[in-house]
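Content type JSON, C-alpha atoms and all ligand atoms, from the file coords27.json:
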[["chain", "number", "residue", "atom", "x", "y", "z"],
["A", 1, "MET", "CA", 11.13, 20.26, 0.90],
["A", 2, "THR", "CA", 8.49, 17.79, 2.07],
["A", 3, "GLU", "CA", 9.83, 14.44, 3.30],
["A", 4, "TYR", "CA", 8.27, 11.41, 1.61],
["A", 5, "SER", "CA", 8.66, 7.74, 2.48],
["A", 6, "THR", "CA", 7.10, 6.01, -0.53],
["A", 7, "ILE", "CA", 7.86, 8.31, -3.45],
["A", 8, "LEU", "CA", 10.86, 10.15, -4.90],
["A", 9, "VAL", "CA", 10.24, 13.65, -6.17],
["A", 10, "SER", "CA", 12.47, 15.71, -8.42],
["A", 11, "THR", "CA", 12.33, 18.70, -10.72],
["A", 12, "SER", "CA", 14.22, 19.29, -13.94],
["A", 13, "GLY", "CA", 13.54, 22.52, -15.77],
["A", 14, "ARG", "CA", 9.78, 22.85, -16.11],
["A", 15, "VAL", "CA", 9.05, 19.14, -15.49],
["A", 16, "GLY", "CA", 8.24, 17.67, -12.08],
["A", 17, "THR", "CA", 8.76, 13.93, -11.66],
["A", 18, "ILE", "CA", 7.15, 11.62, -9.11],
["A", 19, "GLN", "CA", 8.52, 8.09, -8.83],
["A", 20, "LEU", "CA", 6.59, 5.50, -6.86],
["A", 21, "ASN", "CA", 9.15, 3.92, -4.57],
["A", 22, "ARG", "CA", 7.78, 1.04, -2.53],
["A", 23, "PRO", "CA", 9.79, -1.72, -4.22],
["A", 24, "LYS", "CA", 9.12, -4.52, -1.72],
["A", 25, "ALA", "CA", 5.39, -4.31, -2.43],
["A", 26, "LEU", "CA", 5.74, -3.63, -6.18],
["A", 27, "ASN", "CA", 4.54, -0.07, -5.52],
["A", 28, "ALA", "CA", 1.19, -1.25, -4.17],
["A", 29, "LEU", "CA", -0.90, 1.85, -3.56],
["A", 30, "ASN", "CA", -1.57, 2.05, 0.15],
["A", 31, "GLU", "CA", -2.87, 5.13, 1.94],
["A", 32, "THR", "CA", 0.61, 6.62, 2.42],
["A", 33, "VAL", "CA", 1.46, 6.28, -1.28],
["A", 34, "MET", "CA", -1.86, 7.86, -2.19],
["A", 35, "GLU", "CA", -1.43, 10.82, 0.17],
["A", 36, "GLU", "CA", 2.18, 11.37, -0.88],
["A", 37, "VAL", "CA", 1.47, 11.18, -4.61],
["A", 38, "ILE", "CA", -1.43, 13.59, -4.28],
["A", 39, "THR", "CA", 0.53, 15.99, -2.04],
["A", 40, "ALA", "CA", 3.49, 16.08, -4.44],
["A", 41, "ALA", "CA", 1.34, 16.31, -7.55],
["A", 42, "THR", "CA", -0.82, 19.07, -6.05],
["A", 43, "ALA", "CA", 2.32, 21.04, -5.16],
["A", 44, "PHE", "CA", 3.57, 20.73, -8.75],
["A", 45, "ASP", "CA", 0.11, 21.72, -10.00],
["A", 46, "ALA", "CA", 0.26, 24.93, -7.96],
["A", 47, "ASP", "CA", 3.85, 25.74, -8.99],
["A", 48, "PRO", "CA", 3.95, 28.27, -11.85],
["A", 49, "ARG", "CA", 7.42, 26.97, -12.84],
["A", 50, "ILE", "CA", 6.07, 23.49, -13.61],
["A", 51, "GLY", "CA", 4.41, 22.88, -16.97],
["A", 52, "ALA", "CA", 4.07, 19.07, -16.94],
["A", 53, "ILE", "CA", 4.40, 16.17, -14.51],
["A", 54, "VAL", "CA", 5.91, 12.70, -15.08],
["A", 55, "LEU", "CA", 4.65, 9.80, -12.97],
["A", 56, "THR", "CA", 6.68, 6.61, -13.00],
["A", 57, "GLY", "CA", 7.45, 3.47, -11.00],
["A", 58, "SER", "CA", 10.26, 0.91, -11.12],
["A", 59, "ASP", "CA", 11.50, -1.42, -13.83],
["A", 60, "LYS", "CA", 9.43, -4.29, -12.38],
["A", 61, "ALA", "CA", 6.25, -2.40, -11.52],
["A", 62, "PHE", "CA", 4.60, 0.89, -12.24],
["A", 63, "ALA", "CA", 2.17, -0.25, -9.52],
["A", 64, "ALA", "CA", 0.74, -3.72, -8.83],
["A", 65, "GLY", "CA", -2.56, -2.27, -7.63],
["A", 66, "ALA", "CA", -4.17, -1.04, -4.48],
["A", 67, "ASP", "CA", -2.63, -2.58, -1.38],
["A", 68, "ILE", "CA", -4.46, -5.88, -0.97],
["A", 69, "LYS", "CA", -3.04, -6.43, 2.50],
["A", 70, "GLN", "CA", -4.35, -3.04, 3.66],
["A", 71, "MET", "CA", -7.83, -3.84, 2.34],
["A", 72, "ALA", "CA", -8.09, -7.51, 3.26],
["A", 73, "ASP", "CA", -9.73, -7.08, 6.67],
["A", 74, "MET", "CA", -11.97, -4.14, 5.83],
["A", 75, "ASP", "CA", -15.74, -4.55, 5.78],
["A", 76, "TYR", "CA", -18.44, -2.76, 3.85],
["A", 77, "PRO", "CA", -19.25, -0.08, 6.46],
["A", 78, "ALA", "CA", -15.55, 0.81, 6.75],
["A", 79, "MET", "CA", -15.11, 0.99, 2.97],
["A", 80, "TYR", "CA", -18.23, 3.08, 2.60],
["A", 81, "ALA", "CA", -17.44, 5.39, 5.54],
["A", 82, "ALA", "CA", -13.99, 6.09, 4.12],
["A", 83, "ASP", "CA", -15.41, 6.39, 0.59],
["A", 84, "PHE", "CA", -12.33, 4.31, -0.22],
["A", 85, "PHE", "CA", -10.40, 5.48, -3.33],
["A", 86, "GLN", "CA", -12.42, 8.72, -3.65],
["A", 87, "ARG", "CA", -9.32, 10.75, -2.79],
["A", 88, "TRP", "CA", -7.62, 9.55, -5.98],
["A", 89, "GLU", "CA", -10.00, 11.78, -7.91],
["A", 90, "ASP", "CA", -7.86, 14.70, -6.67],
["A", 91, "PHE", "CA", -5.09, 13.25, -8.80],
["A", 92, "ALA", "CA", -7.39, 12.88, -11.79],
["A", 93, "ALA", "CA", -8.44, 16.52, -11.33],
["A", 94, "LEU", "CA", -4.93, 17.99, -11.70],
["A", 95, "ARG", "CA", -4.83, 20.76, -14.27],
["A", 96, "THR", "CA", -1.19, 20.23, -15.21],
["A", 97, "PRO", "CA", -0.76, 17.59, -17.94],
["A", 98, "VAL", "CA", 0.64, 14.32, -16.54],
["A", 99, "VAL", "CA", 2.68, 11.80, -18.52],
["A", 100, "ALA", "CA", 2.95, 8.24, -17.17],
["A", 101, "ALA", "CA", 6.11, 6.23, -17.79],
["A", 102, "VAL", "CA", 5.05, 2.60, -17.31],
["A", 103, "ASN", "CA", 7.47, -0.32, -17.07],
["A", 104, "GLY", "CA", 6.49, -3.70, -15.65],
["A", 105, "TYR", "CA", 3.15, -4.29, -13.97],
["A", 106, "ALA", "CA", 0.34, -1.74, -14.11],
["A", 107, "LEU", "CA", -2.40, -3.82, -12.53],
["A", 108, "GLY", "CA", -5.66, -2.95, -10.81],
["A", 109, "GLY", "CA", -5.19, 0.45, -9.21],
["A", 110, "GLY", "CA", -1.88, 0.72, -11.08],
["A", 111, "CYS", "CA", -3.64, 0.50, -14.43],
["A", 112, "GLU", "CA", -6.33, 2.84, -13.12],
["A", 113, "LEU", "CA", -3.75, 5.37, -11.93],
["A", 114, "ALA", "CA", -2.06, 5.28, -15.34],
["A", 115, "MET", "CA", -5.45, 5.93, -16.93],
["A", 116, "MET", "CA", -5.85, 9.05, -14.77],
["A", 117, "THR", "CA", -2.80, 10.52, -16.51],
["A", 118, "ASP", "CA", -2.97, 12.21, -19.91],
["A", 119, "VAL", "CA", -0.31, 10.44, -21.96],
["A", 120, "ILE", "CA", 0.92, 6.91, -21.23],
["A", 121, "ILE", "CA", 4.36, 5.87, -22.46],
["A", 122, "ALA", "CA", 4.85, 2.12, -21.99],
["A", 123, "GLY", "CA", 8.01, 0.06, -22.08],
["A", 124, "GLU", "CA", 7.67, -2.97, -24.33],
["A", 125, "SER", "CA", 7.55, -5.39, -21.37],
["A", 126, "ALA", "CA", 4.79, -3.45, -19.55],
["A", 127, "LYS", "CA", 1.75, -5.46, -18.48],
["A", 128, "PHE", "CA", -1.67, -3.93, -17.94],
["A", 129, "GLY", "CA", -4.66, -5.56, -16.31],
["A", 130, "GLN", "CA", -7.67, -5.29, -14.06],
["A", 131, "PRO", "CA", -7.28, -8.51, -12.04],
["A", 132, "GLU", "CA", -9.64, -7.53, -9.19],
["A", 133, "ILE", "CA", -12.07, -10.27, -10.27],
["A", 134, "ASN", "CA", -9.50, -12.79, -9.01],
["A", 135, "LEU", "CA", -9.84, -11.24, -5.54],
["A", 136, "GLY", "CA", -13.61, -11.49, -5.54],
["A", 137, "VAL", "CA", -14.10, -7.77, -6.21],
["A", 138, "ILE", "CA", -14.16, -5.36, -9.15],
["A", 139, "PRO", "CA", -12.06, -2.31, -10.09],
["A", 140, "GLY", "CA", -12.62, 0.57, -7.66],
["A", 141, "MET", "CA", -10.40, 3.39, -8.91],
["A", 142, "GLY", "CA", -12.16, 3.90, -12.22],
["A", 143, "GLY", "CA", -11.24, 0.75, -14.18],
["A", 144, "SER", "CA", -14.74, -0.15, -15.28],
["A", 145, "GLN", "CA", -15.37, 3.44, -16.41],
["A", 146, "ARG", "CA", -12.11, 4.90, -17.72],
["A", 147, "LEU", "CA", -11.09, 1.67, -19.44],
["A", 148, "ALA", "CA", -14.49, 1.39, -21.13],
["A", 149, "ARG", "CA", -14.27, 4.99, -22.28],
["A", 150, "SER", "CA", -10.74, 4.63, -23.59],
["A", 151, "VAL", "CA", -10.82, 1.18, -25.23],
["A", 152, "GLY", "CA", -14.51, 0.32, -25.54],
["A", 153, "LYS", "CA", -16.72, -2.50, -24.28],
["A", 154, "ALA", "CA", -15.14, -5.56, -25.91],
["A", 155, "LYS", "CA", -11.67, -5.24, -24.40],
["A", 156, "THR", "CA", -12.92, -3.82, -21.11],
["A", 157, "MET", "CA", -15.29, -6.72, -20.51],
["A", 158, "ASP", "CA", -12.55, -9.16, -21.51],
["A", 159, "MET", "CA", -10.04, -7.61, -19.07],
["A", 160, "VAL", "CA", -12.42, -6.91, -16.18],
["A", 161, "LEU", "CA", -14.24, -10.27, -16.32],
["A", 162, "THR", "CA", -11.25, -12.56, -16.89],
["A", 163, "GLY", "CA", -8.59, -10.51, -15.10],
["A", 164, "ARG", "CA", -6.08, -11.30, -17.85],
["A", 165, "HIS", "CA", -3.01, -9.16, -18.34],
["A", 166, "ILE", "CA", -2.35, -7.56, -21.70],
["A", 167, "ASP", "CA", 1.10, -6.71, -23.00],
["A", 168, "ALA", "CA", 2.28, -3.32, -24.21],
["A", 169, "ALA", "CA", 1.75, -4.15, -27.89],
["A", 170, "GLU", "CA", -1.91, -5.02, -27.27],
["A", 171, "ALA", "CA", -2.31, -1.98, -25.01],
["A", 172, "GLU", "CA", -1.08, 0.25, -27.83],
["A", 173, "ARG", "CA", -3.23, -1.55, -30.43],
["A", 174, "ILE", "CA", -6.41, -1.00, -28.42],
["A", 175, "GLY", "CA", -5.59, 2.62, -27.59],
["A", 176, "LEU", "CA", -4.83, 2.25, -23.90],
["A", 177, "VAL", "CA", -1.32, 3.69, -24.24],
["A", 178, "SER", "CA", 0.03, 6.48, -26.39],
["A", 179, "ARG", "CA", 3.43, 5.06, -27.35],
["A", 180, "VAL", "CA", 5.52, 1.93, -26.75],
["A", 181, "VAL", "CA", 9.30, 2.21, -26.50],
["A", 182, "ALA", "CA", 12.22, 0.03, -25.40],
["A", 183, "ASP", "CA", 12.12, -0.54, -21.64],
["A", 184, "ASP", "CA", 15.27, 1.47, -21.04],
["A", 185, "GLN", "CA", 13.79, 4.43, -22.91],
["A", 186, "THR", "CA", 10.43, 4.70, -21.13],
["A", 187, "LEU", "CA", 11.30, 7.39, -18.61],
["A", 188, "ALA", "CA", 13.43, 9.33, -21.12],
["A", 189, "GLU", "CA", 10.63, 9.33, -23.68],
["A", 190, "ALA", "CA", 8.02, 10.34, -21.08],
["A", 191, "THR", "CA", 10.28, 13.14, -19.88],
["A", 192, "LYS", "CA", 10.76, 14.31, -23.47],
["A", 193, "VAL", "CA", 6.98, 14.38, -23.97],
["A", 194, "ALA", "CA", 6.58, 16.29, -20.69],
["A", 195, "GLU", "CA", 9.30, 18.78, -21.71],
["A", 196, "THR", "CA", 7.58, 19.30, -25.05],
["A", 197, "ILE", "CA", 4.28, 20.05, -23.31],
["A", 198, "ALA", "CA", 5.93, 22.23, -20.65],
["A", 199, "ALA", "CA", 7.60, 24.38, -23.32],
["A", 200, "LYS", "CA", 4.25, 25.50, -24.73],
["A", 201, "SER", "CA", 1.80, 28.15, -23.58],
["A", 202, "LYS", "CA", 0.47, 27.02, -20.20],
["A", 203, "PRO", "CA", -3.09, 28.32, -20.54],
["A", 204, "ALA", "CA", -3.29, 26.51, -23.87],
["A", 205, "THR", "CA", -1.99, 23.14, -22.59],
["A", 206, "GLN", "CA", -4.12, 23.24, -19.44],
["A", 207, "LEU", "CA", -7.25, 24.20, -21.35],
["A", 208, "ALA", "CA", -6.50, 21.58, -24.00],
["A", 209, "LYS", "CA", -6.39, 18.96, -21.23],
["A", 210, "GLU", "CA", -9.70, 20.26, -19.87],
["A", 211, "ALA", "CA", -11.31, 20.19, -23.29],
["A", 212, "VAL", "CA", -10.23, 16.60, -24.04],
["A", 213, "ALA", "CA", -11.23, 15.47, -20.53],
["A", 214, "SER", "CA", -14.70, 16.91, -21.07],
["A", 215, "ALA", "CA", -15.17, 14.54, -24.03],
["A", 216, "PHE", "CA", -15.50, 11.74, -21.46],
["A", 217, "GLU", "CA", -18.07, 13.61, -19.39],
["A", 218, "THR", "CA", -20.50, 15.36, -21.69],
["A", 219, "SER", "CA", -22.67, 14.99, -24.77],
["A", 220, "LEU", "CA", -21.09, 15.78, -28.15],
["A", 221, "SER", "CA", -22.99, 19.05, -28.56],
["A", 222, "GLN", "CA", -22.06, 20.25, -25.05],
["A", 223, "GLY", "CA", -18.48, 19.15, -25.58],
["A", 224, "LEU", "CA", -18.25, 20.95, -28.90],
["A", 225, "LEU", "CA", -19.65, 24.12, -27.34],
["A", 226, "PHE", "CA", -17.19, 23.85, -24.42],
["A", 227, "GLU", "CA", -14.30, 23.40, -26.87],
["A", 228, "ARG", "CA", -15.40, 26.39, -28.95],
["A", 229, "ARG", "CA", -15.75, 28.63, -25.90],
["A", 230, "ILE", "CA", -12.25, 27.65, -24.74],
["A", 231, "PHE", "CA", -10.96, 28.31, -28.26],
["A", 232, "HIS", "CA", -12.60, 31.75, -28.21],
["A", 233, "SER", "CA", -11.26, 32.52, -24.71],
["A", 234, "LEU", "CA", -7.68, 31.84, -25.77],
["A", 235, "PHE", "CA", -7.94, 34.88, -28.02],
["A", 236, "SER", "CA", -7.68, 36.92, -24.81],
["A", 237, "THR", "CA", -4.11, 35.69, -24.24],
["A", 238, "GLU", "CA", -0.87, 37.24, -25.42],
["A", 239, "ASP", "CA", 0.23, 33.76, -26.40],
["A", 240, "GLN", "CA", -2.43, 33.48, -29.10],
["A", 241, "ALA", "CA", -1.20, 36.74, -30.64],
["A", 242, "GLU", "CA", 2.43, 35.63, -30.28],
["A", 243, "GLY", "CA", 1.82, 32.09, -31.60],
["A", 244, "MET", "CA", 0.03, 33.29, -34.71],
["A", 245, "ALA", "CA", 2.46, 36.16, -35.34],
["A", 246, "ALA", "CA", 5.41, 33.76, -35.01],
["A", 247, "PHE", "CA", 3.84, 31.44, -37.57],
["A", 248, "ALA", "CA", 3.40, 34.29, -40.05],
["A", 249, "GLU", "CA", 6.95, 35.55, -39.41],
["A", 250, "LYS", "CA", 8.40, 32.03, -39.75],
["A", 251, "ARG", "CA", 10.04, 32.04, -36.29],
["A", 252, "GLU", "CA", 9.68, 30.14, -33.01],
["A", 253, "PRO", "CA", 7.08, 31.64, -30.63],
["A", 254, "GLN", "CA", 8.27, 33.18, -27.36],
["A", 255, "TRP", "CA", 5.53, 32.17, -24.95],
["A", 256, "LYS", "CA", 4.67, 34.73, -22.24],
["A", 257, "HIS", "CA", 2.58, 32.39, -20.11],
["A", 258, "ARG", "CA", 4.47, 29.25, -19.22],
["B", 301, "LIG", "N1", -0.95, -5.31, -2.66],
["B", 301, "LIG", "C1", -0.11, -5.64, -1.66],
["B", 301, "LIG", "N2", 1.06, -6.29, -1.84],
["B", 301, "LIG", "C2", 1.38, -6.59, -3.11],
["B", 301, "LIG", "C3", 0.56, -6.29, -4.19],
["B", 301, "LIG", "C4", -0.66, -5.61, -3.93],
["B", 301, "LIG", "N3", -1.48, -5.23, -4.91],
["B", 301, "LIG", "N4", 1.15, -6.75, -5.33],
["B", 301, "LIG", "C5", 2.31, -7.32, -4.94],
["B", 301, "LIG", "N5", 2.46, -7.22, -3.61],
["B", 301, "LIG", "C6", 3.56, -7.73, -2.78],
["B", 301, "LIG", "C7", 3.51, -9.25, -2.64],
["B", 301, "LIG", "O1", 2.61, -9.60, -1.62],
["B", 301, "LIG", "C8", 4.95, -9.55, -2.30],
["B", 301, "LIG", "O2", 5.16, -9.25, -0.95],
["B", 301, "LIG", "P1", 5.93, -10.31, 0.02],
["B", 301, "LIG", "O3", 7.30, -10.40, -0.57],
["B", 301, "LIG", "O4", 5.87, -9.66, 1.35],
["B", 301, "LIG", "O5", 5.17, -11.58, -0.10],
["B", 301, "LIG", "C9", 5.72, -8.54, -3.13],
["B", 301, "LIG", "O6", 4.80, -7.49, -3.44],
["B", 301, "LIG", "C10", 6.25, -9.10, -4.44],
["B", 301, "LIG", "O7", 5.15, -9.68, -5.13],
["B", 301, "LIG", "P2", 5.16, -11.18, -5.70],
["B", 301, "LIG", "O8", 6.05, -12.06, -4.87],
["B", 301, "LIG", "O9", 3.74, -11.60, -5.86],
["B", 301, "LIG", "O10", 5.86, -10.94, -7.11],
["B", 301, "LIG", "P3", 5.67, -11.80, -8.44],
["B", 301, "LIG", "O11", 6.72, -11.29, -9.37],
["B", 301, "LIG", "O12", 5.64, -13.25, -8.13],
["B", 301, "LIG", "O13", 4.21, -11.41, -9.00],
["B", 301, "LIG", "C11", 2.42, -9.89, -9.57],
["B", 301, "LIG", "C12", 3.95, -10.10, -9.43],
["B", 301, "LIG", "C13", 1.88, -10.74, -10.71],
["B", 301, "LIG", "C14", 2.20, -8.40, -9.88],
["B", 301, "LIG", "C15", 1.72, -10.27, -8.25],
["B", 301, "LIG", "O14", 2.39, -9.63, -7.18],
["B", 301, "LIG", "C16", 0.27, -9.90, -8.18],
["B", 301, "LIG", "O15", -0.55, -10.56, -8.77],
["B", 301, "LIG", "N6", -0.08, -8.83, -7.43],
["B", 301, "LIG", "C17", -1.43, -8.42, -7.20],
["B", 301, "LIG", "C18", -2.05, -7.78, -8.42],
["B", 301, "LIG", "C19", -3.49, -7.40, -8.14],
["B", 301, "LIG", "O16", -4.33, -8.23, -7.87],
["B", 301, "LIG", "N7", -3.78, -6.09, -8.20],
["B", 301, "LIG", "C20", -5.12, -5.56, -7.93],
["B", 301, "LIG", "C21", -5.21, -5.11, -6.49],
["B", 301, "LIG", "S1", -6.83, -4.65, -6.00],
["B", 301, "LIG", "C22", -7.06, -3.12, -6.68],
["B", 301, "LIG", "O17", -6.18, -2.53, -7.28],
["B", 301, "LIG", "C23", -8.42, -2.51, -6.49],
["B", 301, "LIG", "C24", -8.68, -1.30, -7.29],
["B", 301, "LIG", "O18", -9.46, -1.28, -8.22],
["B", 301, "LIG", "C25", -8.01, -0.04, -6.96]]
Would you kindly transcribe this structure into structure tokens?
Amino acid sequence: MTEYSTILVSTSGRVGTIQLNRPKALNALNETVMEEVITAATAFDADPRIGAIVLTGSDKAFAAGADIKQMADMDYPAMYAADFFQRWEDFAALRTPVVAAVNGYALGGGCELAMMTDVIIAGESAKFGQPEINLGVIPGMGGSQRLARSVGKAKTMDMVLTGRHIDAAEAERIGLVSRVVADDQTLAEATKVAETIAAKSKPATQLAKEAVASAFETSLSQGLLFERRIFHSLFSTEDQAEGMAAFAEKREPQWKHR
């Protein structure tokens, strides 16, 4: 088992859970956190026994952003040479569905990390925001792009230009989060969602994630074609035959590929 210093990793059944665990810095995402999250998530992604991943933080903070203290003294050539934040795209590229359980602050990179996941479950006191403007910069882990694609221009401009935090109710209203639950139920609900996903046919859930993700990358006609081709390809799996037979026979499907 890999040793981590800033995250806690556990497995229960077919669900792998990663908990950000840097409480003194409100889970600020420094290089170590980034490497550890990506290492753990990539290992889950490669593990045939894992069908979904949960990513969570603490009661006070999912993550309060990229580590400002780590970045403070960097200059443009250093940022550019490191292609700072590029590595997070490895997290966004995971094939296994990821469910975020967000309590407390999800600010800057924290909000952007949540947006890289597939389903966001928020506790009712969660706070989302892109406050980088207050630091004299802009979002750098996808905030200006993923937020605009998920909630549209009006709210994105509002959040990115003013840096204001929005609460969980507003986040749900504008479509940033999937569900809002009581704070003490966030992780349980996210785990339940992950277990539901992990119990289904794995090729189907992974390809479903790929198909939805492509909606943010391609034209409608290309996206529709991609979806149709995936739909067609699933007719090569035993799980398609089993899923449809089970429906006709009024029984639960027994998935072969999980
Ligand atoms: N980076 C580094 N340290 C951070 C941090 C961050 N993003 N957020 C909080 N911390 C640290 C604080 O410095 C403090 O450490 P010390 O005790 O050593 O001083 C500790 O965490 C606790 O924080 P606070 O005392 O500030 O706690 P609070 O309850 O008073 O306030 C908060 C909470 C409103 C979240 C406040 O901490 C805050 O505004 N944090 C910064 C939020 C932010 O600007 N995020 C964007 C970062 S830039 C970015 O993410 C770029 C990108 O696009 C990827």
### Task
Residues within 9 Å of ligand LIG 301 (chain B) should be enumerated using all atoms listed in the file and returned as a ChimeraX atom specification.
/A:23-30,60-61,63-71,85,104-113,129-135,137-144,163
### Message
I'd like the neighbourhood of Arg164 of chain A as a PyMOL selection string, where a residue qualifies if any of its atoms comes within 9 Å (using only C-alpha atoms), though same-chain residues fewer than 2 positions away should be ignored.
### Response
chain A and resi 128-131+158-162+166
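Counting only C-alpha atoms, Arg14 of chain A has the following residues at most 12 Å away, ignoring those fewer than 5 positions along the same chain: Phe44, Asp45, Asp47, Pro48, Arg49, Ile50, Gly51, Ala52, Ile53, Val54, Thr96, Pro97, Thr191, Lys192, Val193, Ala194, Glu195, Thr196, Ile197, Ala198, Ala199, Lys200, Lys202 and Arg258 of chain A.
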### Message
Excluding Arg146 of chain A and its own-chain neighbours fewer than 5 positions away, which residues fall within 10 Å of it when counting all atoms listed in the file? Please give them as a ChimeraX atom specification.
### Response
/A:112,115-116,141,151-152,156,176,216
Taking all atoms of segment 250-258 of chain A that the file lists, what box with edges along x, y and z, padded by 6 Å per side, do you get, with centre and edge lengths in Å to one decimal, as lines of an AutoDock Vina configuration file?
center_x = 6.3
center_y = 32.0
center_z = -29.5
size_x = 19.5
size_y = 17.5
size_z = 32.5
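A straight line drawn from atom CA of Lys127 of chain A to atom CA of Asp167 of chain A is 4.7 Å long.
Those residues that approach Ala100 of chain A to within 7 Å, counting only C-alpha atoms, are A:Val54, A:Leu55, A:Thr56, A:Ala114, A:Thr117, A:Val119, A:Ile120, A:Ile121, A:Ala190; same-chain residues fewer than 6 positions away are not listed.
Taking atom CA of Ala248 of chain A as the reference point, atom CA of Leu207 of chain A is found at 23.8 Å.
Closest approach to Gln254 of chain A from the set A:Ala208, A:Ala241, A:Leu8, A:Val37 is made by A:Ala241, with distances taken over only C-alpha atoms.
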#### Entry: atom CA of Thr39 of chain A to atom CA of Lys209 of chain A, distance in Å rounded to a single decimal
20.6 Å
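Counting only C-alpha atoms, the residue from A:Ala43, A:Ala245, A:Met34, A:Val181 that sits nearest to Ala169 of chain A is A:Val181.
The smallest atom-to-atom distance between Gly57 of chain A and any of A:Val212, A:Ala122, A:Ile230, A:Ala41, using all atoms listed in the file, is found for A:Ala122.
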### Message
Taking 3 positions as the minimum chain separation for residues in the same chain, which residues sit within 12 Å of Tyr4 of chain A when counting all atoms listed in the file? Answer as a ChimeraX atom specification.
### Response
/A:1,7-10,18-22,32-40
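With all atoms listed in the file as the atoms that count, the residue of A:Gln185, A:Asn103, A:Ser201, A:Ser12 with the shortest distance to Asp239 of chain A is A:Ser201.
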Emit a file covering segment 56-61 of chain A of the preceding structure with all heavy atoms, as a CSV table (one decimal), in the first residue's frame.
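Result went into part-v5.csv, see below:
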chain,number,residue,atom,x,y,z
A,56,THR,N,-13.4,13.4,-1.4
A,56,THR,CA,-14.0,14.2,-0.4
A,56,THR,C,-12.9,15.0,0.3
A,56,THR,O,-11.7,14.8,0.1
A,56,THR,CB,-14.9,13.4,0.6
A,56,THR,OG1,-15.7,14.3,1.4
A,56,THR,CG2,-14.1,12.5,1.4
A,57,GLY,N,-13.4,15.9,1.2
A,57,GLY,CA,-12.4,16.7,2.0
A,57,GLY,C,-12.8,16.6,3.5
A,57,GLY,O,-13.1,15.5,4.0
A,58,SER,N,-12.9,17.7,4.2
A,58,SER,CA,-13.2,17.7,5.6
A,58,SER,C,-14.6,18.4,5.7
A,58,SER,O,-15.1,18.9,4.8
A,58,SER,CB,-12.1,18.4,6.4
A,58,SER,OG,-12.2,19.8,6.1
A,59,ASP,N,-15.0,18.5,7.0
A,59,ASP,CA,-16.3,19.2,7.2
A,59,ASP,C,-16.1,20.7,6.9
A,59,ASP,O,-17.0,21.4,6.4
A,59,ASP,CB,-16.7,19.1,8.7
A,59,ASP,CG,-17.2,17.7,9.0
A,59,ASP,OD1,-17.5,17.0,8.0
A,59,ASP,OD2,-17.3,17.4,10.2
A,60,LYS,N,-14.9,21.3,7.2
A,60,LYS,CA,-14.7,22.7,6.9
A,60,LYS,C,-14.4,23.1,5.5
A,60,LYS,O,-14.7,24.1,5.0
A,60,LYS,CB,-13.7,23.3,7.9
A,60,LYS,CG,-13.5,24.8,7.7
A,60,LYS,CD,-12.8,25.5,8.8
A,60,LYS,CE,-12.8,27.0,8.4
A,60,LYS,NZ,-11.9,27.8,9.2
A,61,ALA,N,-13.7,22.2,4.8
A,61,ALA,CA,-13.2,22.5,3.5
A,61,ALA,C,-13.1,21.2,2.6
A,61,ALA,O,-12.4,20.3,3.0
A,61,ALA,CB,-11.9,23.2,3.5
